[in-house]
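Okay, query02.txt is below, compact mmCIF, C-alpha atoms:
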```
# COMPACT_ATOMS: atom_id res chain seq x y z
CA MET A 1422 232.65 28.60 28.97
CA GLY A 1423 234.11 28.27 32.49
CA VAL A 1424 235.12 25.11 34.28
CA THR A 1425 232.00 25.10 36.48
CA GLU A 1426 229.68 25.35 33.48
CA ARG A 1427 231.56 22.64 31.63
CA ARG A 1428 231.37 20.28 34.59
CA ALA A 1429 227.65 20.94 35.06
CA ARG A 1430 227.07 20.26 31.37
CA GLU A 1431 229.11 17.06 31.46
CA ARG A 1432 227.22 15.91 34.53
CA GLU A 1433 223.91 16.58 32.80
CA GLU A 1434 225.07 14.70 29.68
CA MET A 1435 226.16 11.73 31.75
CA ARG A 1436 222.84 11.69 33.61
CA THR A 1437 220.96 11.72 30.29
CA LYS A 1438 223.15 8.90 28.97
CA ILE A 1439 222.38 6.77 32.03
CA LEU A 1440 218.64 7.46 31.80
CA ASP A 1441 218.56 6.70 28.05
CA ALA A 1442 220.28 3.36 28.66
CA ALA A 1443 217.92 2.60 31.55
CA ARG A 1444 214.84 3.51 29.49
CA ASN A 1445 215.94 1.19 26.73
CA LEU A 1446 216.52 -1.66 29.18
CA PHE A 1447 213.22 -1.15 31.00
CA ALA A 1448 211.32 -0.99 27.71
CA THR A 1449 212.88 -4.15 26.31
CA GLN A 1450 213.37 -6.31 29.42
CA GLY A 1451 210.69 -5.11 31.85
CA TYR A 1452 210.95 -3.53 35.27
CA ASP A 1453 212.06 -6.56 37.27
CA ALA A 1454 214.92 -7.58 34.98
CA VAL A 1455 216.75 -4.25 35.22
CA THR A 1456 219.42 -3.48 37.83
CA LEU A 1457 221.76 -0.49 38.21
CA ARG A 1458 224.61 -2.89 37.38
CA LYS A 1459 222.99 -3.82 34.05
CA VAL A 1460 222.56 -0.15 33.20
CA ALA A 1461 226.25 0.39 34.01
CA ASP A 1462 227.28 -2.57 31.82
CA CYS A 1463 225.17 -1.22 29.00
CA ILE A 1464 227.03 2.10 28.81
CA GLU A 1465 230.35 0.48 29.79
CA TYR A 1466 230.82 2.30 33.09
CA CYS A 1467 231.38 0.76 36.48
CA PRO A 1468 228.34 0.66 38.79
CA ALA A 1469 230.04 3.14 41.15
CA THR A 1470 229.65 5.83 38.47
CA ILE A 1471 225.90 5.25 38.29
CA TYR A 1472 225.63 5.53 42.07
CA LYS A 1473 227.08 9.07 41.85
CA TYR A 1474 223.86 9.97 40.03
CA PHE A 1475 221.21 7.69 41.52
CA SER A 1476 221.25 6.11 44.96
CA ASP A 1477 219.04 3.17 43.91
CA LYS A 1478 216.76 1.78 41.22
CA ASP A 1479 213.71 3.54 42.59
CA GLU A 1480 215.41 6.94 42.38
CA MET A 1481 216.47 6.19 38.80
CA VAL A 1482 212.94 5.15 37.83
CA ARG A 1483 211.51 8.34 39.29
CA ALA A 1484 214.06 10.47 37.47
CA LEU A 1485 213.15 8.63 34.26
CA CYS A 1486 209.43 9.25 34.73
CA GLU A 1487 210.04 12.94 35.47
CA GLU A 1488 212.21 13.30 32.40
CA ASP A 1489 209.59 11.59 30.20
CA ILE A 1490 206.81 13.79 31.57
CA ALA A 1491 208.93 16.89 30.83
CA ALA A 1492 209.72 15.64 27.32
CA MET A 1493 206.03 15.10 26.59
CA MET A 1494 205.12 18.60 27.78
CA ALA A 1495 207.92 20.05 25.65
CA ALA A 1496 206.51 18.17 22.64
CA PHE A 1497 202.99 19.52 23.23
CA ARG A 1498 203.78 23.16 24.14
CA PRO A 1499 204.34 24.43 20.56
CA SER A 1500 200.80 23.30 19.68
CA MET A 1501 199.42 25.98 21.99
CA ALA A 1502 200.80 28.65 19.63
CA GLU A 1503 198.43 27.61 16.83
CA LEU A 1504 195.86 30.29 16.08
CA THR A 1505 192.52 28.47 16.46
CA PRO A 1506 191.29 25.83 18.95
CA LEU A 1507 190.77 23.34 16.10
CA GLU A 1508 194.32 23.89 14.83
CA ARG A 1509 195.63 23.45 18.39
CA LEU A 1510 193.68 20.19 18.65
CA ARG A 1511 195.09 18.96 15.32
CA SER A 1512 198.60 19.97 16.27
CA PHE A 1513 198.32 18.22 19.65
CA GLY A 1514 197.43 14.97 17.92
CA ARG A 1515 200.32 15.23 15.50
CA ALA A 1516 202.74 15.99 18.32
CA PHE A 1517 201.48 12.87 20.13
CA ILE A 1518 201.92 10.77 16.99
CA ASN A 1519 205.45 12.12 16.44
CA MET A 1520 206.40 11.47 20.04
CA GLY A 1521 205.09 7.90 19.96
CA LEU A 1522 206.76 7.00 16.67
CA GLU A 1523 210.06 8.75 17.33
CA GLN A 1524 210.40 7.82 21.00
CA PRO A 1525 208.76 4.39 21.30
CA ASN A 1526 210.54 3.60 24.56
CA HIS A 1527 209.21 6.77 26.19
CA PHE A 1528 205.77 5.83 24.90
CA ARG A 1529 205.97 2.24 26.07
CA LEU A 1530 207.02 3.18 29.60
CA MET A 1531 204.49 5.98 29.95
CA PHE A 1532 201.41 4.36 28.44
CA MET A 1533 201.83 0.62 27.82
CA THR A 1534 203.79 -0.84 30.74
CA PRO A 1535 204.09 2.00 33.27
CA LEU A 1536 207.08 1.74 35.61
CA LEU A 1537 205.25 3.20 38.60
CA SER A 1538 201.75 2.58 39.89
CA PRO A 1539 199.33 5.22 38.51
CA ASP A 1540 198.46 6.28 42.07
CA ASP A 1541 202.11 7.05 42.83
CA SER A 1542 202.63 10.52 44.31
CA LEU A 1543 204.77 11.44 41.29
CA PHE A 1544 201.70 11.26 39.03
CA VAL A 1545 199.44 12.96 41.57
CA GLU A 1546 201.90 15.88 41.55
CA LYS A 1547 202.17 15.75 37.77
CA HIS A 1548 198.42 16.18 37.35
CA ALA A 1549 198.19 18.86 40.04
CA ASN A 1550 200.78 21.08 38.33
CA PRO A 1551 199.80 22.85 35.06
CA GLU A 1552 203.47 22.82 34.03
CA THR A 1553 203.48 19.00 33.85
CA ASP A 1554 199.80 18.05 33.36
CA SER A 1555 199.70 17.15 29.66
CA TYR A 1556 196.26 15.56 29.95
CA GLY A 1557 194.98 18.75 31.55
CA LEU A 1558 196.51 20.83 28.76
CA PHE A 1559 194.83 18.64 26.17
CA GLN A 1560 191.51 18.97 27.97
CA THR A 1561 191.88 22.75 27.91
CA VAL A 1562 192.19 22.61 24.13
CA VAL A 1563 189.17 20.30 23.89
CA GLN A 1564 187.15 22.68 26.09
CA GLU A 1565 188.13 25.61 23.83
CA CYS A 1566 186.83 23.59 20.86
CA ILE A 1567 183.56 22.95 22.70
CA ASP A 1568 183.23 26.65 23.61
CA THR A 1569 183.83 27.86 20.06
CA GLY A 1570 181.34 25.44 18.45
CA VAL A 1571 183.85 23.12 16.79
CA PHE A 1572 182.07 19.98 18.00
CA ARG A 1573 178.56 18.71 17.37
CA GLU A 1574 175.94 19.69 19.92
CA ASP A 1575 175.78 16.23 21.47
CA LEU A 1576 179.48 16.46 22.41
CA THR A 1577 179.62 18.55 25.56
CA ASP A 1578 181.83 16.46 27.83
CA PRO A 1579 185.54 17.35 27.53
CA GLU A 1580 186.59 14.16 29.37
CA PHE A 1581 184.72 11.92 26.94
CA ILE A 1582 186.07 13.76 23.89
CA ALA A 1583 189.65 13.91 25.17
CA GLN A 1584 189.65 10.24 26.18
CA THR A 1585 188.22 9.17 22.81
CA LEU A 1586 190.79 11.11 20.76
CA TRP A 1587 193.62 9.97 23.03
CA ALA A 1588 192.59 6.32 22.90
CA GLY A 1589 192.30 6.26 19.11
CA LEU A 1590 195.83 7.56 18.58
CA HIS A 1591 197.11 5.43 21.45
CA GLY A 1592 195.81 2.42 19.57
CA VAL A 1593 197.65 3.09 16.31
CA ILE A 1594 200.93 3.82 18.08
CA SER A 1595 200.82 1.08 20.72
CA LEU A 1596 199.73 -1.61 18.24
CA HIS A 1597 202.64 -0.54 16.03
CA ILE A 1598 205.08 -0.75 18.95
CA ALA A 1599 203.76 -4.16 20.06
CA LEU A 1600 203.11 -5.86 16.70
CA GLY A 1601 204.52 -3.58 14.00
CA THR A 1602 207.21 -6.13 13.17
CA ASP A 1603 204.67 -8.94 12.68
CA PRO A 1604 205.58 -10.29 9.22
CA ASN A 1605 202.21 -12.03 8.89
CA ILE A 1606 200.40 -8.71 8.59
CA ASN A 1607 200.78 -6.50 5.55
CA TRP A 1608 201.00 -3.30 7.60
CA ARG A 1609 200.19 -0.01 5.90
CA PRO A 1610 202.47 2.94 6.87
CA VAL A 1611 201.80 3.75 10.51
CA ARG A 1612 202.09 7.54 10.32
CA GLU A 1613 199.51 7.75 7.53
CA ARG A 1614 197.17 5.49 9.48
CA ALA A 1615 197.56 7.58 12.63
CA ILE A 1616 196.94 10.90 10.87
CA TYR A 1617 193.97 9.44 8.98
CA LEU A 1618 192.33 8.13 12.16
CA HIS A 1619 192.96 11.44 13.93
CA GLU A 1620 191.29 13.41 11.13
CA LEU A 1621 188.48 10.83 10.91
CA MET A 1622 187.72 11.20 14.63
CA ILE A 1623 187.83 15.00 14.50
CA ALA A 1624 185.59 15.10 11.41
CA GLY A 1625 183.13 12.67 12.99
CA MET A 1626 182.86 14.90 16.05
CA SER A 1627 182.71 18.19 14.16
CA ARG A 1628 179.69 20.37 13.47
CA ASN A 1629 181.13 21.28 10.04
CA PRO A 1630 183.39 18.37 9.16
CA ALA A 1631 186.13 18.75 6.58
CA PRO A 1632 186.25 15.81 4.13
CA VAL A 1633 188.78 13.12 5.07
CA ILE A 1634 190.25 11.27 2.11
CA ALA A 1635 192.07 7.96 2.61
CA PRO A 1636 195.74 7.95 1.60
CA LYS A 1637 196.78 5.83 -1.39
CA PHE A 1638 199.54 3.24 -1.25
CA GLU A 1639 201.49 1.26 -3.83
CA LYS A 1640 199.14 -1.09 -5.64
CA ALA A 1641 201.69 -3.87 -5.37
CA ALA A 1642 201.36 -3.89 -1.61
CA ALA A 1643 197.56 -3.90 -1.60
CA THR A 1644 197.09 -7.65 -1.49
CA VAL A 1645 194.38 -9.33 0.54
CA MET B 1422 179.64 -41.22 31.39
CA GLY B 1423 182.35 -43.86 31.44
CA VAL B 1424 185.64 -43.80 33.32
CA THR B 1425 187.65 -42.95 30.20
CA GLU B 1426 185.47 -39.94 29.43
CA ARG B 1427 185.61 -38.74 33.02
CA ARG B 1428 189.39 -39.00 33.10
CA ALA B 1429 189.72 -37.15 29.80
CA ARG B 1430 187.44 -34.41 31.08
CA GLU B 1431 189.35 -34.11 34.35
CA ARG B 1432 192.61 -33.94 32.48
CA GLU B 1433 191.24 -31.17 30.26
CA GLU B 1434 189.96 -29.25 33.29
CA MET B 1435 193.32 -29.53 35.00
CA ARG B 1436 195.12 -28.34 31.87
CA THR B 1437 192.79 -25.32 31.64
CA LYS B 1438 193.39 -24.56 35.32
CA ILE B 1439 197.15 -24.59 34.79
CA LEU B 1440 196.94 -22.39 31.69
CA ASP B 1441 194.63 -19.88 33.42
CA ALA B 1442 197.06 -19.58 36.33
CA ALA B 1443 199.99 -19.23 33.92
CA ARG B 1444 198.18 -16.57 31.87
CA ASN B 1445 197.49 -14.55 34.99
CA LEU B 1446 201.12 -14.79 36.11
CA PHE B 1447 202.53 -13.89 32.67
CA ALA B 1448 200.16 -10.93 32.36
CA THR B 1449 200.99 -9.51 35.77
CA GLN B 1450 204.67 -10.42 36.19
CA GLY B 1451 206.03 -10.62 32.65
CA TYR B 1452 207.54 -13.49 30.72
CA ASP B 1453 210.91 -13.73 32.50
CA ALA B 1454 209.52 -13.79 36.04
CA VAL B 1455 207.33 -16.88 35.50
CA THR B 1456 208.49 -20.45 36.13
CA LEU B 1457 206.60 -23.74 36.09
CA ARG B 1458 207.21 -23.87 39.85
CA LYS B 1459 205.49 -20.51 40.35
CA VAL B 1460 202.51 -21.70 38.32
CA ALA B 1461 202.36 -24.83 40.49
CA ASP B 1462 202.51 -22.75 43.70
CA CYS B 1463 199.76 -20.56 42.39
CA ILE B 1464 197.26 -23.41 42.04
CA GLU B 1465 198.66 -25.27 45.07
CA TYR B 1466 199.92 -28.32 43.22
CA CYS B 1467 203.41 -29.74 43.24
CA PRO B 1468 205.56 -28.98 40.17
CA ALA B 1469 205.55 -32.67 39.22
CA THR B 1470 201.82 -32.37 38.42
CA ILE B 1471 202.48 -29.51 36.00
CA TYR B 1472 205.18 -31.58 34.28
CA LYS B 1473 202.56 -34.22 33.48
CA TYR B 1474 200.96 -31.62 31.23
CA PHE B 1475 203.85 -29.50 29.95
CA SER B 1476 207.46 -30.57 29.62
CA ASP B 1477 208.82 -27.03 29.97
CA LYS B 1478 207.94 -23.34 30.00
CA ASP B 1479 208.17 -23.02 26.23
CA GLU B 1480 205.61 -25.79 25.71
CA MET B 1481 203.30 -24.13 28.23
CA VAL B 1482 203.63 -20.75 26.51
CA ARG B 1483 202.82 -22.31 23.13
CA ALA B 1484 199.76 -24.06 24.54
CA LEU B 1485 198.66 -20.76 26.04
CA CYS B 1486 199.01 -18.92 22.72
CA GLU B 1487 197.11 -21.66 20.90
CA GLU B 1488 194.32 -21.56 23.45
CA ASP B 1489 194.08 -17.76 23.22
CA ILE B 1490 193.97 -17.87 19.41
CA ALA B 1491 191.19 -20.46 19.57
CA ALA B 1492 189.28 -18.38 22.12
CA MET B 1493 189.47 -15.32 19.89
CA MET B 1494 188.22 -17.22 16.86
CA ALA B 1495 185.35 -18.61 18.94
CA ALA B 1496 184.47 -15.06 20.00
CA PHE B 1497 184.42 -13.82 16.39
CA ARG B 1498 182.68 -16.72 14.66
CA PRO B 1499 179.09 -15.80 15.69
CA SER B 1500 179.55 -12.42 13.96
CA MET B 1501 179.71 -14.21 10.61
CA ALA B 1502 176.05 -15.22 11.04
CA GLU B 1503 174.88 -11.59 10.84
CA LEU B 1504 172.86 -10.91 7.69
CA THR B 1505 174.71 -8.00 6.05
CA PRO B 1506 178.41 -7.18 5.67
CA LEU B 1507 177.95 -3.97 7.68
CA GLU B 1508 176.25 -5.87 10.50
CA ARG B 1509 179.06 -8.44 10.44
CA LEU B 1510 181.59 -5.59 10.70
CA ARG B 1511 179.72 -4.02 13.62
CA SER B 1512 179.38 -7.37 15.36
CA PHE B 1513 183.09 -8.13 14.90
CA GLY B 1514 184.00 -4.88 16.64
CA ARG B 1515 181.69 -5.55 19.54
CA ALA B 1516 183.05 -9.08 19.92
CA PHE B 1517 186.58 -7.63 20.05
CA ILE B 1518 185.51 -5.08 22.67
CA ASN B 1519 183.84 -7.78 24.77
CA MET B 1520 186.88 -10.04 24.55
CA GLY B 1521 189.26 -7.24 25.56
CA LEU B 1522 187.18 -6.07 28.50
CA GLU B 1523 186.16 -9.50 29.77
CA GLN B 1524 189.51 -11.24 29.21
CA PRO B 1525 192.13 -8.53 29.78
CA ASN B 1526 194.89 -11.08 30.38
CA HIS B 1527 194.23 -12.77 27.04
CA PHE B 1528 194.25 -9.33 25.42
CA ARG B 1529 197.44 -8.23 27.13
CA LEU B 1530 199.35 -11.35 26.13
CA MET B 1531 198.10 -11.36 22.56
CA PHE B 1532 198.35 -7.68 21.67
CA MET B 1533 200.25 -5.66 24.27
CA THR B 1534 203.18 -7.75 25.48
CA PRO B 1535 203.21 -10.85 23.23
CA LEU B 1536 204.80 -13.94 24.79
CA LEU B 1537 206.32 -15.16 21.52
CA SER B 1538 208.10 -13.26 18.76
CA PRO B 1539 205.61 -12.32 15.99
CA ASP B 1540 207.70 -14.26 13.45
CA ASP B 1541 207.37 -17.45 15.50
CA SER B 1542 206.16 -20.44 13.45
CA LEU B 1543 203.04 -20.65 15.64
CA PHE B 1544 201.80 -17.32 14.25
CA VAL B 1545 202.86 -18.14 10.70
CA GLU B 1546 200.68 -21.27 10.95
CA LYS B 1547 197.89 -19.29 12.60
CA HIS B 1548 197.73 -16.85 9.68
CA ALA B 1549 198.03 -19.61 7.07
CA ASN B 1550 195.01 -21.49 8.42
CA PRO B 1551 191.52 -20.01 7.88
CA GLU B 1552 190.36 -21.81 11.05
CA THR B 1553 192.70 -19.70 13.21
CA ASP B 1554 193.36 -16.55 11.16
CA SER B 1555 191.17 -13.97 12.91
CA TYR B 1556 192.82 -11.06 11.08
CA GLY B 1557 192.09 -12.77 7.78
CA LEU B 1558 188.47 -13.35 8.80
CA PHE B 1559 188.12 -9.67 9.69
CA GLN B 1560 189.63 -8.67 6.34
CA THR B 1561 187.09 -10.88 4.57
CA VAL B 1562 184.31 -8.93 6.24
CA VAL B 1563 185.96 -5.61 5.32
CA GLN B 1564 186.30 -6.77 1.71
CA GLU B 1565 182.60 -7.70 1.65
CA CYS B 1566 181.81 -4.17 2.87
CA ILE B 1567 183.97 -2.71 0.08
CA ASP B 1568 182.31 -4.94 -2.52
CA THR B 1569 178.78 -4.01 -1.46
CA GLY B 1570 179.42 -0.23 -1.41
CA VAL B 1571 179.38 0.27 2.34
CA PHE B 1572 182.53 2.42 2.30
CA ARG B 1573 183.27 5.70 0.57
CA GLU B 1574 184.85 5.49 -2.87
CA ASP B 1575 188.31 6.55 -1.64
CA LEU B 1576 188.42 3.51 0.68
CA THR B 1577 189.43 0.59 -1.50
CA ASP B 1578 192.25 -1.00 0.51
CA PRO B 1579 191.03 -3.72 2.91
CA GLU B 1580 194.36 -3.72 4.78
CA PHE B 1581 194.19 0.01 5.49
CA ILE B 1582 190.55 -0.16 6.60
CA ALA B 1583 191.03 -3.28 8.74
CA GLN B 1584 194.15 -1.90 10.41
CA THR B 1585 192.48 1.44 11.13
CA LEU B 1586 189.39 -0.12 12.75
CA TRP B 1587 191.52 -2.61 14.69
CA ALA B 1588 193.91 0.07 15.96
CA GLY B 1589 191.12 2.37 17.15
CA LEU B 1590 189.48 -0.32 19.28
CA HIS B 1591 192.88 -1.61 20.38
CA GLY B 1592 193.56 1.87 21.74
CA VAL B 1593 190.46 2.10 23.93
CA ILE B 1594 190.96 -1.38 25.36
CA SER B 1595 194.73 -1.33 25.83
CA LEU B 1596 194.73 2.15 27.39
CA HIS B 1597 192.04 0.92 29.78
CA ILE B 1598 194.10 -2.16 30.68
CA ALA B 1599 197.29 -0.13 31.16
CA LEU B 1600 195.95 3.04 32.83
CA GLY B 1601 192.30 2.41 33.61
CA THR B 1602 193.01 2.47 37.35
CA ASP B 1603 194.76 5.87 37.15
CA PRO B 1604 192.93 7.88 39.84
CA ASN B 1605 194.17 11.16 38.36
CA ILE B 1606 192.00 10.76 35.28
CA ASN B 1607 188.24 11.03 35.45
CA TRP B 1608 187.68 8.07 33.11
CA ARG B 1609 184.37 7.80 31.31
CA PRO B 1610 182.90 4.25 31.05
CA VAL B 1611 185.20 2.25 28.80
CA ARG B 1612 182.57 0.18 26.99
CA GLU B 1613 180.61 3.28 25.93
CA ARG B 1614 183.82 4.91 24.71
CA ALA B 1615 184.79 1.83 22.72
CA ILE B 1616 181.39 1.46 21.06
CA TYR B 1617 181.24 5.18 20.31
CA LEU B 1618 184.67 5.18 18.66
CA HIS B 1619 183.78 2.07 16.67
CA GLU B 1620 180.58 3.66 15.34
CA LEU B 1621 182.40 6.96 14.72
CA MET B 1622 185.04 5.22 12.60
CA ILE B 1623 182.48 3.21 10.63
CA ALA B 1624 180.34 6.31 10.00
CA GLY B 1625 183.38 8.32 8.91
CA MET B 1626 184.27 5.65 6.38
CA SER B 1627 180.72 5.03 5.15
CA ARG B 1628 179.14 6.23 1.94
CA ASN B 1629 175.81 6.69 3.74
CA PRO B 1630 176.78 7.24 7.37
CA ALA B 1631 174.28 6.67 10.15
CA PRO B 1632 174.34 9.48 12.74
CA VAL B 1633 176.50 8.76 15.81
CA ILE B 1634 175.32 10.43 19.00
CA ALA B 1635 177.62 10.69 22.01
CA PRO B 1636 176.46 8.87 25.15
CA LYS B 1637 175.47 10.94 28.16
CA PHE B 1638 176.93 10.41 31.62
CA GLU B 1639 176.03 11.58 35.11
CA LYS B 1640 176.43 15.33 35.33
CA ALA B 1641 178.16 14.96 38.68
CA ALA B 1642 181.03 13.10 37.08
CA ALA B 1643 181.46 15.54 34.21
CA THR B 1644 183.98 17.78 35.93
CA VAL B 1645 186.91 19.36 34.10
```

Whole structure given in structure tokens:
Amino acid sequence: MGVTERRAREREEMRTKILDAARNLFATQGYDAVTLRKVADCIEYCPATIYKYFSDKDEMVRALCEEDIAAMMAAFRPSMAELTPLERLRSFGRAFINMGLEQPNHFRLMFMTPLLSPDDSLFVEKHANPETDSYGLFQTVVQECIDTGVFREDLTDPEFIAQTLWAGLHGVISLHIALGTDPNINWRPVRERAIYLHELMIAGMSRNPAPVIAPKFEKAAATV
Amino acid sequence: MGVTERRAREREEMRTKILDAARNLFATQGYDAVTLRKVADCIEYCPATIYKYFSDKDEMVRALCEEDIAAMMAAFRPSMAELTPLERLRSFGRAFINMGLEQPNHFRLMFMTPLLSPDDSLFVEKHANPETDSYGLFQTVVQECIDTGVFREDLTDPEFIAQTLWAGLHGVISLHIALGTDPNINWRPVRERAIYLHELMIAGMSRNPAPVIAPKFEKAAATV
């Protein structure tokens, strides 16, 4: 690898490091509490280094949002390779669950306490471009399921179906992120709950539902 | 009404006014950004007035949490008067939906961005006392449904069932609070989506499910 390539790679790595530190700070301390100086402190660089990458907080926030949008699309894209619309729908849900549980800070900043106003031009552009419009991609899969008779006859509205499936999974993940450490609640494993609810929703909407069996957990934990 | 009663009532009204202003500020600006002075400015009183009610921010936050816990219990209690366990379960869900949609700031501060750590003694006491333990009350209803054969045979764990139903409704409400103003998404009416998901989950878990039919919306809005 030549010097130019190495430098470009190092620059990209540094940029990612800054954005990861910023994402963590925004997710844990909120938008207002974060400054470029705090981000610099966090990764033990001087603020001048950060300014080589981002001119101000707003630019950093926008870069963060763009990176998170790209990461979400990258997580969803493999689902489109599944053979049937129903399998694509299932795979989409599991990708969403994985993303939320493995990248809770991404999830928090995209869906729970968004960093930018939803009418920001960044999101308008996101939704206008098929390369970044994850909600649009999901709706396409839902429409394919409608067209191939996956859903019951009363379910003809792709917006309603997509929003219902999204909201259900959003609930399991966001409640886990917000209150999953609550020691007063005897939480059952979050991934099993998410997959169960996803399958329950799909079965409830399906013309020919597959049976959905509840997972079993250790008896010792099943106290009331 | 005597002078003493009037004074007590006025004091209670003033306290409620302060807490409502504080709740609004905490929900919109986050924990760190709020001071007693800001709360005073918000209701156009001098800070000294606030100090007659709360000695510091921590005391105010605790009073707020206690009030919100009491409000939630008050919202759920009428559901216990329903005749059958299944009707109590249905009613509980609808009370939760109503609370979330009508009091989004309460909802946000209880379930999305909690003001106190979940292992705070206030919550330990809340869960230990049947008068304030809303999760415990909900679990009681779920257990009654298990005992009377409402649920399928594979569903025997009240924690799993309660957490699944809670998370589903949490998702519809919290997504609405966080992104319901997103102009890039053609949102369907949130209350209809919440009730539909609630009925869909109950039917999917039931031994003898009632049919769940999707609501219909204006054709003009049903664009993809």

### Task
Find the spatial neighbours of segment 1564-1575 of chain B, counting all atoms listed in the file, within a cut-off of 10 Å - ignore same-chain residues fewer than 6 positions away - and output them as number ranges by chain.
A: 1633-1637, 1645; B: 1505-1510, 1558, 1582-1583, 1623-1630

Please, which residues in chain B fall within 8 Å of chain A when counting only C-alpha atoms, and what is the closest atom pair and distance in Å to one decimal for each, ordered by chain then residue number, as a Markdown table?
```
| residue | atom | partner | partner_atom | distance |
| --- | --- | --- | --- | --- |
| B:Gly1451 | CA | A:Gly1451 | CA | 7.3 |
| B:Asp1453 | CA | A:Ala1454 | CA | 7.7 |
| B:Ala1454 | CA | A:Asp1453 | CA | 7.8 |
| B:Phe1532 | CA | A:Ala1599 | CA | 6.7 |
| B:Met1533 | CA | A:Ala1599 | CA | 5.7 |
| B:Thr1534 | CA | A:Ala1599 | CA | 6.5 |
| B:Pro1535 | CA | A:Ala1599 | CA | 7.4 |
| B:Pro1539 | CA | A:Asp1603 | CA | 4.8 |
| B:Asp1540 | CA | A:Asp1603 | CA | 6.2 |
| B:Phe1544 | CA | A:Asn1605 | CA | 7.5 |
| B:Val1545 | CA | A:Asn1605 | CA | 6.4 |
| B:His1548 | CA | A:Asn1605 | CA | 6.6 |
| B:Gln1560 | CA | A:Val1645 | CA | 7.5 |
| B:Asp1575 | CA | A:Ala1635 | CA | 5.8 |
| B:Leu1576 | CA | A:Ala1635 | CA | 6.1 |
| B:Asp1578 | CA | A:Ala1643 | CA | 6.4 |
| B:Pro1579 | CA | A:Val1645 | CA | 7.0 |
| B:Glu1580 | CA | A:Arg1609 | CA | 7.0 |
| B:Phe1581 | CA | A:Arg1609 | CA | 6.0 |
| B:Gln1584 | CA | A:Trp1608 | CA | 7.5 |
| B:Thr1585 | CA | A:Arg1614 | CA | 6.4 |
| B:Ala1588 | CA | A:Gly1592 | CA | 4.7 |
| B:Gly1589 | CA | A:Gly1589 | CA | 4.5 |
| B:Leu1590 | CA | A:Gly1592 | CA | 6.9 |
| B:His1591 | CA | A:Gly1592 | CA | 5.0 |
| B:Gly1592 | CA | A:Gly1592 | CA | 3.2 |
| B:Val1593 | CA | A:Ala1588 | CA | 4.8 |
| B:Ser1595 | CA | A:Gly1592 | CA | 7.4 |
| B:Leu1596 | CA | A:Ala1588 | CA | 6.5 |
| B:Ala1599 | CA | A:Met1533 | CA | 5.7 |
| B:Leu1600 | CA | A:Pro1539 | CA | 7.0 |
| B:Thr1602 | CA | A:Pro1539 | CA | 7.0 |
| B:Asp1603 | CA | A:Pro1539 | CA | 4.8 |
| B:Pro1604 | CA | A:Asp1540 | CA | 6.2 |
| B:Asn1605 | CA | A:Val1545 | CA | 6.4 |
| B:Asn1607 | CA | A:Glu1580 | CA | 7.0 |
| B:Trp1608 | CA | A:Glu1580 | CA | 7.2 |
| B:Arg1609 | CA | A:Phe1581 | CA | 6.0 |
| B:Arg1614 | CA | A:Thr1585 | CA | 6.4 |
| B:Leu1618 | CA | A:Thr1585 | CA | 6.8 |
| B:Leu1621 | CA | A:Gly1625 | CA | 6.0 |
| B:Met1622 | CA | A:Leu1621 | CA | 6.8 |
| B:Ala1624 | CA | A:Gly1625 | CA | 7.6 |
| B:Gly1625 | CA | A:Gly1625 | CA | 6.0 |
| B:Ile1634 | CA | A:Asp1575 | CA | 6.3 |
| B:Ala1635 | CA | A:Asp1575 | CA | 5.9 |
| B:Ala1643 | CA | A:Asp1578 | CA | 6.5 |
| B:Thr1644 | CA | A:Glu1580 | CA | 7.9 |
| B:Val1645 | CA | A:Pro1579 | CA | 7.0 |
```

#### Entry: Point-to-point distance from atom CA of Val1482 of chain B to atom CA of Val1460 of chain B, Å rounded to tenths
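Atom CA of Val1460 of chain B lies 11.9 Å from atom CA of Val1482 of chain B.
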
### Query
By how many Å are atom CA of Ile1464 of chain B and atom CA of Leu1537 of chain A apart?
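Interatomic distance here is 28.0 Å.
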
### Query
What is the distance, in Å and to one decimal place, between atom CA of Ala1516 of chain A and atom CA of Ala1496 of chain A?
6.1 Å

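Those residues positioned at most 10 Å from (184.3, -15.4, 17.4) are Ala1491, Ala1492, Met1493, Met1494, Ala1495, Ala1496, Phe1497, Arg1498, Pro1499, Ser1500, Met1501, Ser1512, Phe1513, Ala1516, Phe1517, Met1520, Ser1555 and Leu1558 of chain B, judged using only C-alpha atoms.
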
Write the residues of the preceding selection, restricted to C-alpha atoms, as an mmCIF file, in the coordinates of the input.
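Generated file (selection.cif):
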```
data_model
loop_
_atom_site.group_PDB
_atom_site.id
_atom_site.type_symbol
_atom_site.label_atom_id
_atom_site.label_comp_id
_atom_site.auth_asym_id
_atom_site.auth_seq_id
_atom_site.Cartn_x
_atom_site.Cartn_y
_atom_site.Cartn_z
ATOM 1 C CA ALA B 1491 191.190 -20.460 19.570
ATOM 2 C CA ALA B 1492 189.280 -18.380 22.120
ATOM 3 C CA MET B 1493 189.470 -15.320 19.890
ATOM 4 C CA MET B 1494 188.220 -17.220 16.860
ATOM 5 C CA ALA B 1495 185.350 -18.610 18.940
ATOM 6 C CA ALA B 1496 184.470 -15.060 20.000
ATOM 7 C CA PHE B 1497 184.420 -13.820 16.390
ATOM 8 C CA ARG B 1498 182.680 -16.720 14.660
ATOM 9 C CA PRO B 1499 179.090 -15.800 15.690
ATOM 10 C CA SER B 1500 179.550 -12.420 13.960
ATOM 11 C CA MET B 1501 179.710 -14.210 10.610
ATOM 12 C CA SER B 1512 179.380 -7.370 15.360
ATOM 13 C CA PHE B 1513 183.090 -8.130 14.900
ATOM 14 C CA ALA B 1516 183.050 -9.080 19.920
ATOM 15 C CA PHE B 1517 186.580 -7.630 20.050
ATOM 16 C CA MET B 1520 186.880 -10.040 24.550
ATOM 17 C CA SER B 1555 191.170 -13.970 12.910
ATOM 18 C CA LEU B 1558 188.470 -13.350 8.800
#
```
